[in-house]
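> File my_file.json follows (JSON, C-alpha atoms and all ligand atoms):
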[["chain", "number", "residue", "atom", "x", "y", "z"],
["A", 1, "MET", "CA", 173.44, 134.88, 295.69],
["A", 2, "LEU", "CA", 173.06, 138.35, 294.25],
["A", 3, "VAL", "CA", 169.61, 139.87, 294.47],
["A", 4, "GLN", "CA", 168.77, 142.82, 292.29],
["A", 5, "GLY", "CA", 165.65, 144.82, 291.66],
["A", 6, "LYS", "CA", 164.48, 145.12, 295.25],
["A", 7, "GLN", "CA", 163.39, 148.61, 294.40],
["A", 8, "SER", "CA", 162.43, 150.24, 291.14],
["A", 9, "THR", "CA", 161.57, 153.67, 289.80],
["A", 10, "PRO", "CA", 158.13, 153.52, 288.21],
["A", 11, "HIS", "CA", 159.12, 156.27, 285.80],
["A", 12, "PHE", "CA", 162.56, 157.68, 285.15],
["A", 13, "LYS", "CA", 161.38, 161.14, 286.17],
["A", 14, "LEU", "CA", 160.07, 159.89, 289.49],
["A", 15, "LYS", "CA", 162.90, 159.90, 291.98],
["A", 16, "ALA", "CA", 161.11, 158.02, 294.75],
["A", 17, "LEU", "CA", 161.80, 154.32, 294.78],
["A", 18, "GLU", "CA", 159.06, 151.79, 295.17],
["A", 19, "ASN", "CA", 159.68, 148.60, 297.07],
["A", 20, "LYS", "CA", 158.90, 145.61, 294.90],
["A", 21, "PRO", "CA", 157.47, 142.32, 296.22],
["A", 22, "SER", "CA", 160.15, 139.66, 296.68],
["A", 23, "SER", "CA", 158.62, 137.58, 293.89],
["A", 24, "GLU", "CA", 159.68, 140.25, 291.41],
["A", 25, "TRP", "CA", 163.30, 140.47, 292.53],
["A", 26, "VAL", "CA", 165.86, 139.27, 290.07],
["A", 27, "ARG", "CA", 168.16, 136.62, 291.48],
["A", 28, "TYR", "CA", 171.54, 135.61, 290.15],
["A", 29, "GLU", "CA", 172.98, 132.42, 291.63],
["A", 30, "ASN", "CA", 176.76, 132.44, 292.16],
["A", 31, "ALA", "CA", 177.04, 136.04, 291.00],
["A", 32, "HIS", "CA", 179.51, 136.96, 293.72],
["A", 33, "GLU", "CA", 182.59, 135.02, 294.50],
["A", 34, "ALA", "CA", 181.31, 132.97, 297.41],
["A", 35, "ILE", "CA", 183.02, 133.40, 300.79],
["A", 36, "ILE", "CA", 183.19, 129.63, 301.03],
["A", 37, "SER", "CA", 182.54, 127.58, 297.93],
["A", 38, "LYS", "CA", 179.15, 125.98, 297.39],
["A", 39, "HIS", "CA", 180.83, 122.60, 297.48],
["A", 40, "ASP", "CA", 182.39, 123.24, 300.90],
["A", 41, "PHE", "CA", 179.10, 124.56, 302.18],
["A", 42, "ASP", "CA", 177.27, 121.43, 300.99],
["A", 43, "LEU", "CA", 179.97, 119.26, 302.56],
["A", 44, "VAL", "CA", 179.58, 120.90, 305.97],
["A", 45, "GLN", "CA", 175.79, 120.61, 305.81],
["A", 46, "ARG", "CA", 176.02, 116.95, 304.89],
["A", 47, "ILE", "CA", 178.51, 116.13, 307.66],
["A", 48, "ARG", "CA", 176.29, 117.83, 310.23],
["A", 49, "GLY", "CA", 173.35, 115.83, 308.87],
["A", 50, "ILE", "CA", 175.19, 112.52, 309.15],
["A", 51, "ASP", "CA", 176.36, 113.09, 312.72],
["A", 52, "THR", "CA", 173.01, 114.19, 314.08],
["A", 53, "ARG", "CA", 171.10, 111.47, 312.26],
["A", 54, "THR", "CA", 173.30, 108.61, 313.43],
["A", 55, "SER", "CA", 173.55, 109.40, 317.11],
["A", 56, "PRO", "CA", 170.30, 110.62, 318.58],
["A", 57, "LYS", "CA", 170.93, 108.93, 321.95],
["A", 58, "GLU", "CA", 174.47, 107.60, 321.83],
["A", 59, "LYS", "CA", 177.35, 109.88, 322.74],
["A", 60, "THR", "CA", 179.92, 108.11, 320.60],
["A", 61, "VAL", "CA", 180.01, 108.50, 316.86],
["A", 62, "TYR", "CA", 181.80, 105.56, 315.32],
["A", 63, "LEU", "CA", 184.32, 105.66, 312.54],
["A", 64, "PHE", "CA", 181.89, 104.70, 309.80],
["A", 65, "SER", "CA", 178.59, 105.95, 311.26],
["A", 66, "GLY", "CA", 176.23, 106.98, 308.49],
["A", 67, "MET", "CA", 178.65, 106.01, 305.73],
["A", 68, "LEU", "CA", 178.00, 102.35, 305.04],
["A", 69, "ILE", "CA", 175.47, 101.27, 302.45],
["A", 70, "CYS", "CA", 174.39, 97.68, 301.82],
["A", 71, "GLY", "CA", 175.39, 96.76, 298.26],
["A", 72, "CYS", "CA", 172.42, 94.44, 297.99],
["A", 73, "CYS", "CA", 169.44, 96.57, 299.04],
["A", 74, "GLY", "CA", 170.91, 100.06, 299.40],
["A", 75, "GLY", "CA", 169.94, 100.30, 303.08],
["A", 76, "ARG", "CA", 172.13, 101.74, 305.85],
["A", 77, "MET", "CA", 174.23, 99.24, 307.73],
["A", 78, "THR", "CA", 174.18, 98.81, 311.50],
["A", 79, "ARG", "CA", 177.03, 98.28, 313.94],
["A", 80, "LYS", "CA", 176.93, 95.43, 316.44],
["A", 81, "ILE", "CA", 179.23, 93.81, 318.95],
["A", 82, "ASN", "CA", 179.63, 90.04, 319.30],
["A", 83, "ARG", "CA", 181.26, 88.68, 322.47],
["A", 84, "TYR", "CA", 183.09, 85.42, 322.22],
["A", 85, "LYS", "CA", 185.25, 83.90, 324.96],
["A", 86, "GLY", "CA", 185.55, 87.25, 326.70],
["A", 87, "LYS", "CA", 186.64, 89.06, 323.55],
["A", 88, "GLU", "CA", 184.68, 91.66, 321.65],
["A", 89, "TYR", "CA", 184.26, 91.59, 317.90],
["A", 90, "VAL", "CA", 182.66, 94.51, 316.07],
["A", 91, "TYR", "CA", 180.67, 93.96, 312.89],
["A", 92, "TYR", "CA", 178.53, 95.89, 310.45],
["A", 93, "PHE", "CA", 175.49, 94.24, 308.92],
["A", 94, "CYS", "CA", 172.38, 95.13, 306.95],
["A", 95, "PRO", "CA", 169.29, 95.10, 309.19],
["A", 96, "THR", "CA", 166.82, 94.92, 306.28],
["A", 97, "GLY", "CA", 166.64, 91.12, 306.10],
["A", 98, "LYS", "CA", 165.39, 88.71, 303.44],
["A", 99, "LYS", "CA", 161.73, 89.34, 304.25],
["A", 100, "HIS", "CA", 162.07, 93.02, 303.43],
["A", 101, "GLY", "CA", 164.00, 92.69, 300.21],
["A", 102, "CYS", "CA", 167.64, 92.17, 301.10],
["A", 103, "SER", "CA", 168.47, 88.74, 299.68],
["A", 104, "ASN", "CA", 172.20, 88.82, 300.13],
["A", 105, "GLY", "CA", 173.23, 91.13, 302.97],
["A", 106, "VAL", "CA", 176.87, 90.93, 303.99],
["A", 107, "MET", "CA", 178.39, 91.09, 307.43],
["A", 108, "VAL", "CA", 181.82, 92.70, 307.68],
["A", 109, "LYS", "CA", 184.26, 92.96, 310.53],
["A", 110, "GLU", "CA", 185.03, 96.54, 311.53],
["A", 111, "SER", "CA", 188.78, 95.92, 311.71],
["A", 112, "ASP", "CA", 188.88, 94.49, 308.15],
["A", 113, "LEU", "CA", 186.83, 97.36, 306.88],
["A", 114, "THR", "CA", 189.05, 99.94, 308.57],
["A", 115, "GLU", "CA", 192.18, 98.45, 307.08],
["A", 116, "CYS", "CA", 190.66, 98.27, 303.62],
["A", 117, "VAL", "CA", 189.28, 101.81, 303.63],
["A", 118, "GLN", "CA", 192.56, 103.14, 305.02],
["A", 119, "THR", "CA", 194.50, 101.56, 302.14],
["A", 120, "ALA", "CA", 192.01, 102.86, 299.58],
["A", 121, "VAL", "CA", 192.12, 106.41, 300.97],
["A", 122, "LYS", "CA", 195.91, 106.44, 300.94],
["A", 123, "GLY", "CA", 195.88, 105.17, 297.36],
["A", 124, "HIS", "CA", 193.44, 107.86, 296.32],
["A", 125, "ILE", "CA", 195.56, 110.58, 297.93],
["A", 126, "ASP", "CA", 198.62, 109.24, 296.10],
["A", 127, "ASN", "CA", 196.73, 109.35, 292.80],
["A", 128, "ILE", "CA", 195.70, 112.92, 293.42],
["A", 129, "ALA", "CA", 199.28, 113.88, 294.29],
["A", 130, "SER", "CA", 200.65, 112.49, 291.04],
["A", 131, "LEU", "CA", 197.79, 114.01, 289.07],
["A", 132, "ASP", "CA", 198.64, 117.37, 290.62],
["A", 133, "LEU", "CA", 202.31, 116.94, 289.79],
["A", 134, "LEU", "CA", 201.47, 116.17, 286.18],
["A", 135, "LEU", "CA", 199.10, 119.10, 285.85],
["A", 136, "SER", "CA", 201.62, 121.51, 287.33],
["A", 137, "SER", "CA", 204.43, 120.38, 285.01],
["A", 138, "ILE", "CA", 206.61, 123.11, 283.54],
["A", 139, "SER", "CA", 205.02, 123.45, 280.13],
["A", 140, "HIS", "CA", 201.57, 123.55, 281.67],
["A", 141, "GLU", "CA", 200.87, 127.21, 280.94],
["A", 142, "ARG", "CA", 201.98, 126.95, 277.35],
["A", 143, "ILE", "CA", 200.09, 123.75, 276.66],
["A", 144, "ASN", "CA", 197.02, 125.23, 278.22],
["A", 145, "ARG", "CA", 197.28, 128.26, 275.99],
["A", 146, "GLU", "CA", 197.74, 126.12, 272.91],
["A", 147, "LEU", "CA", 194.86, 123.83, 273.81],
["A", 148, "ALA", "CA", 192.65, 126.83, 274.46],
["A", 149, "ARG", "CA", 193.57, 128.25, 271.06],
["A", 150, "GLU", "CA", 192.84, 124.93, 269.38],
["A", 151, "TYR", "CA", 189.42, 124.58, 271.04],
["A", 152, "ALA", "CA", 188.53, 128.19, 270.29],
["A", 153, "GLY", "CA", 189.39, 127.48, 266.64],
["A", 154, "HIS", "CA", 187.04, 124.48, 266.57],
["A", 155, "ILE", "CA", 184.29, 126.59, 268.07],
["A", 156, "LYS", "CA", 184.78, 129.30, 265.48],
["A", 157, "SER", "CA", 184.63, 126.93, 262.52],
["A", 158, "CYS", "CA", 181.55, 125.19, 263.93],
["A", 159, "GLU", "CA", 179.88, 128.55, 264.32],
["A", 160, "LYS", "CA", 180.68, 129.50, 260.72],
["A", 161, "GLN", "CA", 179.22, 126.22, 259.52],
["A", 162, "LEU", "CA", 176.16, 126.79, 261.64],
["A", 163, "GLU", "CA", 175.64, 130.26, 260.20],
["A", 164, "LYS", "CA", 175.90, 128.89, 256.64],
["A", 165, "THR", "CA", 173.37, 126.14, 257.30],
["A", 166, "GLU", "CA", 170.99, 128.61, 258.87],
["A", 167, "SER", "CA", 171.15, 130.86, 255.84],
["A", 168, "TYR", "CA", 170.47, 127.86, 253.53],
["A", 169, "LYS", "CA", 167.55, 126.95, 255.69],
["A", 170, "SER", "CA", 166.13, 130.47, 255.53],
["A", 171, "LYS", "CA", 166.18, 130.40, 251.72],
["A", 172, "LEU", "CA", 164.30, 127.11, 251.52],
["A", 173, "TYR", "CA", 160.84, 128.62, 251.69],
["A", 174, "GLU", "CA", 161.67, 131.14, 249.01],
["A", 175, "ASN", "CA", 162.72, 128.27, 246.73],
["A", 176, "LEU", "CA", 159.50, 126.42, 247.44],
["A", 177, "VAL", "CA", 157.43, 129.49, 246.54],
["A", 178, "ASN", "CA", 159.27, 130.21, 243.30],
["A", 179, "GLY", "CA", 158.94, 126.59, 242.21],
["A", 180, "MET", "CA", 162.63, 125.62, 242.49],
["A", 181, "LEU", "CA", 161.75, 122.92, 245.04],
["A", 182, "THR", "CA", 158.84, 120.51, 245.31],
["A", 183, "LYS", "CA", 157.04, 120.22, 248.61],
["A", 184, "GLU", "CA", 158.77, 116.87, 249.32],
["A", 185, "GLU", "CA", 162.19, 118.31, 248.54],
["A", 186, "PHE", "CA", 161.45, 121.30, 250.74],
["A", 187, "LEU", "CA", 160.49, 119.10, 253.68],
["A", 188, "SER", "CA", 163.40, 116.75, 253.27],
["A", 189, "TYR", "CA", 165.94, 119.63, 253.08],
["A", 190, "LYS", "CA", 164.33, 121.25, 256.07],
["A", 191, "ARG", "CA", 164.69, 118.06, 258.12],
["A", 192, "LYS", "CA", 168.30, 117.67, 257.08],
["A", 193, "TYR", "CA", 169.21, 121.28, 257.90],
["A", 194, "ASN", "CA", 167.48, 121.05, 261.27],
["A", 195, "ALA", "CA", 169.43, 117.90, 262.13],
["A", 196, "ASP", "CA", 172.68, 119.54, 261.01],
["A", 197, "ILE", "CA", 171.99, 122.61, 263.10],
["A", 198, "GLU", "CA", 171.27, 120.49, 266.14],
["A", 199, "SER", "CA", 174.45, 118.44, 265.85],
["A", 200, "MET", "CA", 176.56, 121.54, 265.26],
["A", 201, "GLN", "CA", 175.14, 123.17, 268.34],
["A", 202, "ALA", "CA", 175.96, 120.05, 270.33],
["A", 203, "ALA", "CA", 179.52, 120.14, 268.98],
["A", 204, "ILE", "CA", 179.91, 123.80, 269.96],
["A", 205, "ASN", "CA", 178.69, 123.03, 273.48],
["A", 206, "GLY", "CA", 181.18, 120.16, 273.73],
["A", 207, "TRP", "CA", 184.15, 122.31, 272.68],
["A", 208, "ASN", "CA", 183.04, 125.06, 275.02],
["A", 209, "GLU", "CA", 183.06, 122.62, 277.90],
["A", 210, "LYS", "CA", 186.59, 121.49, 277.05],
["A", 211, "LEU", "CA", 187.69, 125.09, 276.78],
["A", 212, "THR", "CA", 186.33, 125.82, 280.24],
["A", 213, "ASP", "CA", 188.17, 122.78, 281.61],
["A", 214, "VAL", "CA", 191.45, 124.05, 280.24],
["A", 215, "LEU", "CA", 190.96, 127.64, 281.31],
["A", 216, "GLU", "CA", 189.80, 126.65, 284.77],
["A", 217, "ASN", "CA", 192.25, 128.40, 286.97],
["A", 218, "ARG", "CA", 194.77, 126.66, 289.04],
["A", 219, "SER", "CA", 193.70, 128.12, 292.35],
["A", 220, "GLU", "CA", 190.39, 126.33, 292.02],
["A", 221, "ARG", "CA", 192.19, 123.03, 291.57],
["A", 222, "ASN", "CA", 194.53, 123.76, 294.46],
["A", 223, "ARG", "CA", 191.59, 124.14, 296.78],
["A", 224, "TRP", "CA", 190.14, 120.65, 296.47],
["A", 225, "ILE", "CA", 193.52, 118.97, 296.04],
["A", 226, "ASN", "CA", 194.75, 120.58, 299.26],
["A", 227, "HIS", "CA", 191.65, 119.26, 300.93],
["A", 228, "PHE", "CA", 193.03, 115.75, 300.34],
["A", 229, "MET", "CA", 196.69, 116.65, 300.87],
["A", 230, "LYS", "CA", 195.96, 117.72, 304.46],
["A", 231, "PHE", "CA", 195.57, 113.99, 305.11],
["A", 232, "SER", "CA", 198.63, 112.79, 303.19],
["A", 233, "GLN", "CA", 200.67, 112.21, 306.36],
["A", 234, "MET", "CA", 197.84, 110.36, 308.05],
["A", 235, "GLU", "CA", 198.92, 107.15, 309.76],
["A", 236, "GLU", "CA", 195.58, 105.77, 310.82],
["A", 237, "ILE", "CA", 192.25, 106.78, 309.45],
["A", 238, "ASP", "CA", 189.98, 108.58, 311.91],
["A", 239, "ARG", "CA", 186.43, 109.93, 311.96],
["A", 240, "LYS", "CA", 187.52, 113.35, 310.72],
["A", 241, "ALA", "CA", 189.27, 111.88, 307.67],
["A", 242, "VAL", "CA", 186.31, 109.64, 306.89],
["A", 243, "LEU", "CA", 183.89, 112.56, 306.96],
["A", 244, "GLN", "CA", 186.12, 114.96, 305.05],
["A", 245, "LEU", "CA", 187.20, 112.58, 302.33],
["A", 246, "ILE", "CA", 184.46, 110.02, 301.82],
["A", 247, "ARG", "CA", 180.91, 110.41, 300.65],
["A", 248, "SER", "CA", 179.77, 106.82, 301.00],
["A", 249, "ILE", "CA", 181.04, 103.25, 301.22],
["A", 250, "ARG", "CA", 179.02, 100.56, 299.51],
["A", 251, "ILE", "CA", 179.65, 97.04, 300.76],
["A", 252, "LEU", "CA", 179.38, 94.72, 297.76],
["A", 253, "SER", "CA", 180.73, 91.56, 299.37],
["A", 254, "LYS", "CA", 183.03, 90.52, 302.22],
["A", 255, "ASP", "CA", 186.10, 91.64, 300.33],
["A", 256, "GLU", "CA", 184.72, 94.10, 297.83],
["A", 257, "LEU", "CA", 183.67, 97.63, 298.51],
["A", 258, "GLN", "CA", 183.03, 100.72, 296.49],
["A", 259, "ILE", "CA", 184.09, 104.06, 297.92],
["A", 260, "GLU", "CA", 182.69, 107.30, 296.64],
["A", 261, "PHE", "CA", 185.07, 110.09, 297.58],
["A", 262, "ASN", "CA", 184.24, 113.74, 298.06],
["A", 263, "TYR", "CA", 185.12, 115.99, 295.11],
["A", 264, "GLN", "CA", 184.64, 113.01, 292.79],
["A", 265, "ASP", "CA", 183.59, 115.24, 289.87],
["A", 266, "GLU", "CA", 186.61, 117.47, 290.30],
["A", 267, "TYR", "CA", 188.83, 114.40, 290.38],
["A", 268, "PHE", "CA", 187.44, 113.04, 287.11],
["A", 269, "LYS", "CA", 187.73, 116.47, 285.54],
["A", 270, "ALA", "CA", 191.40, 116.71, 286.52],
["A", 271, "GLN", "CA", 191.97, 113.24, 285.08],
["A", 272, "ARG", "CA", 190.42, 114.31, 281.77],
["A", 273, "LEU", "CA", 192.53, 117.45, 281.69],
["A", 274, "ALA", "CA", 195.68, 115.44, 282.35],
["A", 275, "GLU", "CA", 194.73, 113.14, 279.47],
["A", 276, "GLN", "CA", 194.22, 116.10, 277.13],
["A", 277, "MET", "CA", 197.56, 117.57, 278.15],
["A", 278, "LYS", "CA", 199.36, 114.29, 277.53],
["A", 279, "GLN", "CA", 197.87, 114.08, 274.05],
["A", 280, "ALA", "CA", 198.80, 117.68, 273.29],
["A", 281, "GLN", "CA", 202.35, 117.07, 274.52],
["A", 282, "SER", "CA", 202.85, 114.03, 272.32],
["A", 283, "ALA", "CA", 201.35, 115.84, 269.31],
["A", 284, "GLU", "CA", 203.78, 118.67, 269.93],
["A", 285, "ARG", "CA", 206.72, 116.27, 270.13],
["A", 286, "LYS", "CA", 205.74, 114.72, 266.80],
["A", 287, "ALA", "CA", 205.42, 118.14, 265.20],
["A", 288, "SER", "CA", 208.87, 119.33, 266.23],
["B", 301, "ZN", "ZN", 170.69, 94.98, 302.61]]
Give the structure from the file, written as structure tokens.
Ligand SMILES: [Zn+2]

Amino acid sequence: MLVQGKQSTPHFKLKALENKPSSEWVRYENAHEAIISKHDFDLVQRIRGIDTRTSPKEKTVYLFSGMLICGCCGGRMTRKINRYKGKEYVYYFCPTGKKHGCSNGVMVKESDLTECVQTAVKGHIDNIASLDLLLSSISHERINRELAREYAGHIKSCEKQLEKTESYKSKLYENLVNGMLTKEEFLSYKRKYNADIESMQAAINGWNEKLTDVLENRSERNRWINHFMKFSQMEEIDRKAVLQLIRSIRILSKDELQIEFNYQDEYFKAQRLAEQMKQAQSAERKAS
């Protein structure tokens, strides 16, 4: 965070600087390139939170501590050990119970869960790898440039349209005064122009977002993709991988779970970009 205006000159001729109260400082979030990204910072904070919250007394932190959410009531699940004929079986269950609003809590075996999550994580890493490959394909730079030009063109024409509508709107009152329009006509045109202006502004925002997606530099993408690739050779999932890669695991039923991965937004963004590039590529092929 960049903070400016800690001091000010009351008059340009007065050289002495006054210290201003902190409430008057001007703050700019993300003004400097952060030493570590905000996302990484949040991740570290969250991991520290999970580990301290889940083991106040116990020394061991289990593989899924703090990660499992009951799909029925949204509560945190608890680990327990059942002994049967001298063997130990580890389970996770929802401690909420029917009385307190969990009508259909599920009990899952830790070994099943581990296997399932391990497969899902490997699958996700594979997806990211092929997404990365696609996005780094040879014509990437050129397609990006062309897409950027196309989006910038859309923005420009929307802006022209917007300007035109605004000038029509500004002449409305004049036309009402000089009797060219009745009051009803004036109001109805005004409503229409206002709606047009609003939808054009929304369109411009949409194109701008797409443009940002395309221009987003590659190093940024590398950073979160590498975060996953560090685990691509992983044989068995461990606590470190769970914390680094997964945000939460929601247990929906005995054989159905929903994993929210870290960097989920970045992942969806990359998917969208890949989709846009594929479309641009096929349009280009048709054109030539
Ligand atoms: Zn529950």
> Could you list, as a list in words, all protein and nucleic acid residues with an atom at most 10 Å from ligand ZN 301 (chain B), counting all atoms listed in the file?
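My answer, listing the contacting residues, is Ile69, Cys70, Gly71, Cys72, Cys73, Gly74, Gly75, Arg76, Met77, Phe93, Cys94, Pro95, Thr96, Gly97, Lys98, His100, Gly101, Cys102, Ser103, Asn104, Gly105, Val106, Met107, Ile251 and Leu252 of chain A.
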> Pull the neighbourhood of (198.5, 118.7, 292.5) for me: all residues within 12 Å in file coordinates, counting all atoms listed in the file, as an NGL selection string.
:A and (125-137 or 218-229 or 267 or 270-271 or 274)
> Please tell me which residues are no farther than 6 Å from (181.3, 125.3, 273.3) in the file, counting only C-alpha atoms, and write them as number ranges by chain.
A: 204-209
> Given the selection you just returned, output its residues as a file containing C-alpha atoms, formatted as a short mmCIF file (atom, residue, chain, number, x, y, z; two decimals), in the frame of the given file.

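Full text of out-v1.cif as output:
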data_model
loop_
_atom_site.label_atom_id
_atom_site.label_comp_id
_atom_site.auth_asym_id
_atom_site.auth_seq_id
_atom_site.Cartn_x
_atom_site.Cartn_y
_atom_site.Cartn_z
CA ILE A 204 179.91 123.80 269.96
CA ASN A 205 178.69 123.03 273.48
CA GLY A 206 181.18 120.16 273.73
CA TRP A 207 184.15 122.31 272.68
CA ASN A 208 183.04 125.06 275.02
CA GLU A 209 183.06 122.62 277.90
#
> Choose the residue, out of A:Met277, A:Ala202, A:Ala195, A:Leu68, that has the smallest atom-to-atom separation from Ile249 in chain A; count all atoms listed in the file.
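The closest residue to Ile249 in chain A is A:Leu68.
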> Could you check how far CA of Lys183 in chain A sits from CA of Ser199 in chain A, in Å to one decimal?
24.6 Å
> So how far away is CA of Arg46 in chain A from CA of Asp112 in chain A, in Å?
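According to the coordinates, CA of Asp112 in chain A and CA of Arg46 in chain A are separated by 26.1 Å.
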> Just to confirm, what's the straight-line distance from CA of Lys164 in chain A to CA of Met200 in chain A in Å (one decimal)?
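Distance between the two atoms: 11.3 Å.
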> So, with all atoms listed in the file as the atoms that count, which of A:Asn144, A:Ser232, A:Gln201, A:Thr119 lies closest to Gln161 in chain A?
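The answer is A:Gln201, which sits nearest to Gln161 in chain A.
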> Looking at all atoms listed in the file, which of A:Arg285, A:Lys169, A:Lys87, A:Lys210 is the one that sits closest to Tyr193 in chain A?
A:Lys169
